[in-house]
Amino acid sequence: MGELLCGGELVVKVLEEFGARVVFGVPGGQTLFVTDPLMDTPIRFVHTRHENGAACAADGWGRMTGEPGICLATTGPGATNLITGIGGALKDSSPMIALIFQNRLPDAGKGDAQECDHELVFTGICKKYIPVRDVTSVQWAMREAYRVAKSGRPGPVVVDLYRDVIESQRAEYVPERPEQYCIKADSVANEETIRRAADEMKVHKRICIWVGNGVKLAGASKEVMELSKRLCAPVVCTYNGIGAVDSGFENFAGPRSRHGSRVARTAIESADCVIVAGSSLTAISTNRWEISAKHVIQFDIIPESIGRHYPVEVGVPGDAARSIRKILECLEEEGYHGDPAFLNEILAKKEAWTKEVYSGSITDTAATPVPPIALHMELEKVLSEGGVFVVDAGNPGAWTHLTRFPKNTTYMKPVNYGNMGFALGAALGCKEACPEKEVIALLGDGSLGMTLGDLETIGREKLPIIILLVNDSAYGNIRQEELYKMGENRYTGVDFPDIDYLEVAKVLGVDGCIVRKAEEIPDAFKAARESGKPYMVEVKLDGSYSVWPEAF
C-alpha cells in the first residue's frame with residue numbers, strides 16, 4: 001500500500017493529473033488543506049478580491065482553452081459569492097470546476113459558523129453538484145467533475161468538500177490518466193439522417209445558415225463556410241457564435257441577438273429553410289423565440305436540444321464538423337450548387353444597411369463625448385489578428401455587434417445569463433491561460449464599479465491586459481430602456497457621479513489614459529502596447545445613442 005494522503009492532498013493530486021495550471025479563488029479556514037499543498041506543485045493559486053472574480057476567471061479560462069477553469073471558495077458566503085459566475089458558465093457552456101468547502105460532517109445542520117445548505121443553493125445553477133463526505137470518494141469526485149465539465153455541452157461542476165474529509169481523513173492516491181475517465185465524443189449522425197438533411201437542403205432555394213457557440217466548440221468553422229458557399233446561403237451568428245466564422249467571410253450577414261441587425265433577422269425570416277448549427281436557440285438569440293424560422297435543419301451534439309424551441313424538418317445529432325463534412329460529400333458527389341439569388345439579395349440589403357448605419361453624427365470620430373459607432377470604427381483599426389476580445393454585459397456588448405473582428409479573434413461575452421462584472425475576471429483568466437495572446441476587456445462603468453477589485457488582481461499579477469472602459473456615468477442600457485418604455489425624464493437609479501476611474505486604476509497598479517474623441521483610440525492603444533503593463537483606456541462615451549428598441 002502506498003502513502004496515505006489527506007483529502008486535500010488528494011484533491012491537488014487529481015488537479016495535477018488532468019493538467020490544471022492555475023486555481024483562482026479566495027482562501028478561508030476550510031480551504032487551507034487544499035491551498036497549502038498547491039504550494040508544492042506547479043499549480044499557481046491566484047487569489048482574487050472577490051469570489052465572483054475567481055468564478056469569471058475560471059469561466060474565461062474554460063472558454064479560452066476548452067479545459068475546465070478551476071475556482072475555489074470557502075463555505076457559506078464565500079461559496080455563494082461564486083454563484084453568479086457559475087451561472088454564466090452554465091448558460092454559455094463553459095467548462096469549470098468550482099471547489100467549495102463545508103464544515104465538519106458531525107456538525108452538519110447544527111448551525112455552525114457560515115453554515116449553508118450548498119446542495120439546495122447550487123443544484124439549479126451548475127451542470128452537476130457533487131458532495132464529498134468521505135475521503136474514499138475524493139478521487140472519484142474530482143475525476144467525475146472533470147469528465148462532466150468537459151463532456152457533451154460543457155459546463156460548471158461544483159465539488160463540495162467537507163472539512164474533516166480534506167483535513168483528517170486519509171487514503172491512498174491511485175493515479176489514472178484523464179483519457180481513462182474523460183472520452184471526447186466523436187459521433188456523427190447515421191447515413192440515413194445525413195442523406196435526409198442533404199435532400200432537404202436541395203429542395204430549397206432560399207437557405208440561411210444560423211450558427212452558435214457549438215460551431216466554435218466543434219471547430220466547424222471551415223465546414224460551415226464551405227457549406228455556405230455550396231448552398232449559396234448567407235450566414236448569421238449568435239453573439240456566442242461571433243468568431244465561429246470570420247467577420248470578413250463574403251457570405252456573412254452578421255450577428256443576431258436581442259439588439260442584433262435587421263439584416264440578420266431578415267436573412268433568417270425570409271429564408272425558406274434555416275440550417276441551425278451549434279445553437280440551442282435561447283431566448284437571447286431569438287428575441288424570446290419571436291424570430292420565425294421555416295423548415296429547420298438543426299445540428300447539435302446534444303440530441304435533446306434539437307427541436308426544443310423550433311420544430312425541425314431534420315435533426316442531426318452529433319459532432320457538427322463531421323456531420324456537415326458528410327453532407328458536403330453528398331452534395332459534392334451530386335455536383336449540387338445552390339441558387340445565388342437569395343444570397344445576393346441579402347448581401348445587397350447588408351450593403352444598404354451598412355451605408356445607413358454608418359452615417360450621421362454617430363460616426364463622427366472627432367466628436368466629444370465619443371459616439372458609439374465612431375468608437376468601433378476606430379477600434380477596428382487597432383485590433384490584432386489572433387487576439388482575445390472579452391466583453392461585459394449591457395451596452396458595451398450590444399455595440400460590438402458592429403465590430404468587424406480580425407481573423408482568429410476569440411470573442412466572449414456573458415450572453416445568456418447577462419452577468420455584469422464578467423469582463424475583467426474573464427480577461428484575467430484568458431491572459432493567465434494564454435499569456436502570448438493580446439487580451440482586451442471591454443466594459444462599462446457600471447460593470448467596473450462592481451469589479452474594481454479585479455483591477456488590483458490584474459495589477460498584482462502584472463498582466464498586460466488592455467482594459468477599454470466606456471464611461472457614460474450610468475447603467476446605460478437600463479437608462480435607455482427606462483426612457484424608451486416610461487417616457488422622457490422617467491428614469492431612476494441609474495446615474496453615477498463623475499468618478500476618476502483612471503486615478504483609481506493607477507492606485508491599483510494599472511496605468512492608462514482618457515480618450516475624449518474616437519480618433520484618439522489608435523494613439524491610446526499604441527501607448528497601451530508600448531507600456532507592456534496592465535493599461536486602461538477610458539473612453540468618455542456619449543450615452544444618448546440608444547440601442548432601444550432596436551438600434552441596428
# chains A, B, ... in the order shown; residues from 1 in each chain; ligands from 1
>>> closest_atom_pairs(of="range 328-366 of chain A", to="range 386-408 of chain A", cutoff="10 Å", atoms="only C-alpha atoms", output="CSV")
residue,atom,partner,partner_atom,distance
A:Thr354,CA,A:Leu402,CA,9.5
A:Val357,CA,A:Leu402,CA,9.4
A:Tyr358,CA,A:Leu402,CA,9.7
>>> closest_atom_pairs(of="range 26-84 of chain A", to="range 215-218 of chain A", cutoff="12 Å", atoms="only C-alpha atoms", output="JSON lines")
{"residue": "A:Gly62", "atom": "CA", "partner": "A:Leu217", "partner_atom": "CA", "distance": 11.2}
{"residue": "A:Arg63", "atom": "CA", "partner": "A:Leu217", "partner_atom": "CA", "distance": 9.0}
{"residue": "A:Met64", "atom": "CA", "partner": "A:Leu217", "partner_atom": "CA", "distance": 10.4}
{"residue": "A:Thr65", "atom": "CA", "partner": "A:Leu217", "partner_atom": "CA", "distance": 10.2}
{"residue": "A:Gly66", "atom": "CA", "partner": "A:Leu217", "partner_atom": "CA", "distance": 7.9}
{"residue": "A:Glu67", "atom": "CA", "partner": "A:Leu217", "partner_atom": "CA", "distance": 11.5}
>>> write_last_selection(atoms="N, CA, C and O atoms", output="mmCIF file, in the first residue's frame")
data_model
loop_
_atom_site.group_PDB
_atom_site.id
_atom_site.type_symbol
_atom_site.label_atom_id
_atom_site.label_comp_id
_atom_site.auth_asym_id
_atom_site.auth_seq_id
_atom_site.Cartn_x
_atom_site.Cartn_y
_atom_site.Cartn_z
ATOM 1 N N GLY A 62 -11.907 28.507 -19.146
ATOM 2 C CA GLY A 62 -12.610 27.405 -19.795
ATOM 3 C C GLY A 62 -12.964 27.712 -21.237
ATOM 4 O O GLY A 62 -12.804 26.869 -22.127
ATOM 5 N N ARG A 63 -13.464 28.920 -21.500
ATOM 6 C CA ARG A 63 -13.816 29.294 -22.868
ATOM 7 C C ARG A 63 -12.564 29.378 -23.741
ATOM 8 O O ARG A 63 -12.607 29.062 -24.936
ATOM 9 N N MET A 64 -11.456 29.808 -23.141
ATOM 10 C CA MET A 64 -10.232 30.026 -23.905
ATOM 11 C C MET A 64 -9.560 28.720 -24.280
ATOM 12 O O MET A 64 -9.033 28.560 -25.388
ATOM 13 N N THR A 65 -9.566 27.757 -23.384
ATOM 14 C CA THR A 65 -8.760 26.549 -23.564
ATOM 15 C C THR A 65 -9.566 25.294 -23.852
ATOM 16 O O THR A 65 -9.016 24.309 -24.359
ATOM 17 N N GLY A 66 -10.846 25.278 -23.490
ATOM 18 C CA GLY A 66 -11.622 24.050 -23.570
ATOM 19 C C GLY A 66 -11.397 23.128 -22.394
ATOM 20 O O GLY A 66 -12.049 22.086 -22.277
ATOM 21 N N GLU A 67 -10.481 23.482 -21.507
ATOM 22 C CA GLU A 67 -10.234 22.743 -20.276
ATOM 23 C C GLU A 67 -10.930 23.445 -19.117
ATOM 24 O O GLU A 67 -11.053 24.674 -19.121
#
>>> closest_residue(among="A:Glu192, A:Glu538, A:Asp92, A:Asp339", to="Ile521 in chain A", atoms="only C-alpha atoms")
A:Glu538
>>> residues_around(residues="Val276 in chain A", least_positions_apart="3", cutoff="12 Å", atoms="only C-alpha atoms", output="MDAnalysis selection string")
chainID A and resid 197 207:215 224 235:238 241 268 273 279:281 285 293:300 305:307 309:317 320 324
>>> residues_around(residues="Pro156 in chain A", least_positions_apart="4", cutoff="8 Å", atoms="only C-alpha atoms", output="ChimeraX atom specification")
/A:68,86,89-90,94-98,126-128,149
>>> select_by_dssp(residues="range 182-345 of chain A", states="helix (DSSP H, G or I)", output="PyMOL selection string")
chain A and resi 191-203+213-218+221-231+262-269+303-305+320-333+341-345
>>> write_last_selection(atoms="C-alpha atoms", output="PDB file, in the first residue's frame")
ATOM      1  CA  GLU A 191     -26.122   7.804 -43.119  1.00  0.00           C
ATOM      2  CA  GLU A 192     -29.914   7.947 -43.389  1.00  0.00           C
ATOM      3  CA  THR A 193     -30.043  11.183 -41.352  1.00  0.00           C
ATOM      4  CA  ILE A 194     -27.197  12.721 -43.345  1.00  0.00           C
ATOM      5  CA  ARG A 195     -28.956  11.862 -46.585  1.00  0.00           C
ATOM      6  CA  ARG A 196     -32.286  13.288 -45.359  1.00  0.00           C
ATOM      7  CA  ALA A 197     -30.573  16.535 -44.358  1.00  0.00           C
ATOM      8  CA  ALA A 198     -28.806  16.817 -47.726  1.00  0.00           C
ATOM      9  CA  ASP A 199     -32.034  16.096 -49.601  1.00  0.00           C
ATOM     10  CA  GLU A 200     -33.924  18.692 -47.560  1.00  0.00           C
ATOM     11  CA  MET A 201     -31.272  21.307 -48.392  1.00  0.00           C
ATOM     12  CA  LYS A 202     -31.639  20.591 -52.119  1.00  0.00           C
ATOM     13  CA  VAL A 203     -35.394  21.238 -52.002  1.00  0.00           C
ATOM     14  CA  ASN A 213     -21.122  28.649 -29.950  1.00  0.00           C
ATOM     15  CA  GLY A 214     -21.275  24.937 -30.760  1.00  0.00           C
ATOM     16  CA  VAL A 215     -19.584  25.611 -34.092  1.00  0.00           C
ATOM     17  CA  LYS A 216     -16.624  27.078 -32.224  1.00  0.00           C
ATOM     18  CA  LEU A 217     -16.566  24.209 -29.740  1.00  0.00           C
ATOM     19  CA  ALA A 218     -16.637  21.678 -32.579  1.00  0.00           C
ATOM     20  CA  SER A 221     -15.850  26.979 -38.973  1.00  0.00           C
ATOM     21  CA  LYS A 222     -14.287  25.683 -42.193  1.00  0.00           C
ATOM     22  CA  GLU A 223     -17.143  23.238 -42.792  1.00  0.00           C
ATOM     23  CA  VAL A 224     -19.797  25.922 -42.213  1.00  0.00           C
ATOM     24  CA  MET A 225     -18.153  28.294 -44.687  1.00  0.00           C
ATOM     25  CA  GLU A 226     -17.817  25.515 -47.283  1.00  0.00           C
ATOM     26  CA  LEU A 227     -21.487  24.628 -46.836  1.00  0.00           C
ATOM     27  CA  SER A 228     -22.426  28.297 -47.212  1.00  0.00           C
ATOM     28  CA  LYS A 229     -20.539  28.504 -50.491  1.00  0.00           C
ATOM     29  CA  ARG A 230     -22.007  25.226 -51.762  1.00  0.00           C
ATOM     30  CA  LEU A 231     -25.580  26.262 -50.937  1.00  0.00           C
ATOM     31  CA  ARG A 262     -32.256  43.917 -39.130  1.00  0.00           C
ATOM     32  CA  VAL A 263     -30.350  42.305 -41.999  1.00  0.00           C
ATOM     33  CA  ALA A 264     -29.514  39.209 -39.951  1.00  0.00           C
ATOM     34  CA  ARG A 265     -33.129  38.861 -38.874  1.00  0.00           C
ATOM     35  CA  THR A 266     -34.310  39.301 -42.453  1.00  0.00           C
ATOM     36  CA  ALA A 267     -31.899  36.611 -43.616  1.00  0.00           C
ATOM     37  CA  ILE A 268     -33.415  34.153 -41.134  1.00  0.00           C
ATOM     38  CA  GLU A 269     -37.062  35.061 -41.557  1.00  0.00           C
ATOM     39  CA  PRO A 303     -29.932  15.398 -29.082  1.00  0.00           C
ATOM     40  CA  GLU A 304     -32.417  16.825 -26.575  1.00  0.00           C
ATOM     41  CA  SER A 305     -31.565  20.361 -27.750  1.00  0.00           C
ATOM     42  CA  ALA A 320     -21.120  19.461 -36.191  1.00  0.00           C
ATOM     43  CA  ALA A 321     -17.837  19.390 -38.100  1.00  0.00           C
ATOM     44  CA  ARG A 322     -18.085  15.705 -39.000  1.00  0.00           C
ATOM     45  CA  SER A 323     -21.787  15.846 -39.803  1.00  0.00           C
ATOM     46  CA  ILE A 324     -21.505  18.869 -42.079  1.00  0.00           C
ATOM     47  CA  ARG A 325     -18.478  17.310 -43.789  1.00  0.00           C
ATOM     48  CA  LYS A 326     -20.561  14.216 -44.555  1.00  0.00           C
ATOM     49  CA  ILE A 327     -23.333  16.364 -46.021  1.00  0.00           C
ATOM     50  CA  LEU A 328     -20.795  18.267 -48.127  1.00  0.00           C
ATOM     51  CA  GLU A 329     -19.575  14.942 -49.507  1.00  0.00           C
ATOM     52  CA  CYS A 330     -23.150  14.071 -50.530  1.00  0.00           C
ATOM     53  CA  LEU A 331     -23.685  17.418 -52.230  1.00  0.00           C
ATOM     54  CA  GLU A 332     -20.301  17.303 -53.957  1.00  0.00           C
ATOM     55  CA  GLU A 333     -20.883  13.776 -55.286  1.00  0.00           C
ATOM     56  CA  ALA A 341     -30.260  34.801 -55.955  1.00  0.00           C
ATOM     57  CA  PHE A 342     -31.201  34.787 -52.240  1.00  0.00           C
ATOM     58  CA  LEU A 343     -27.595  35.273 -51.110  1.00  0.00           C
ATOM     59  CA  ASN A 344     -27.201  38.242 -53.452  1.00  0.00           C
ATOM     60  CA  GLU A 345     -30.462  39.689 -52.163  1.00  0.00           C
TER      61      GLU A 345
END
>>> residues_around(residues="range 497-510 of chain A", least_positions_apart="3", cutoff="12 Å", atoms="only C-alpha atoms", output="ChimeraX atom specification")
/A:49,444-446,448-449,451-475,493-494,513-515,528,531-540
>>> closest_residue(among="A:Ile291, A:Ile70, A:Leu4, A:Val158", to="Thr136 in chain A", atoms="only C-alpha atoms")
A:Leu4
>>> residues_around(residues="Val415 in chain A", least_positions_apart="2", cutoff="7 Å", atoms="only C-alpha atoms", output="list in words")
Asp92, Tyr239, Asn240, Lys413, Tyr417 and Gly418 of chain A
>>> select_by_dssp(residues="range 296-343 of chain A", states="strand (DSSP E)", output="PyMOL selection string")
chain A and resi 296-300+312-317
>>> closest_atom_pairs(of="range 432-494 of chain A", to="range 15-22 of chain A", cutoff="12 Å", atoms="only C-alpha atoms", output="CSV")
residue,atom,partner,partner_atom,distance
A:Glu432,CA,A:Val22,CA,7.8
A:Ala433,CA,A:Val22,CA,8.2
A:Cys434,CA,A:Arg21,CA,11.3
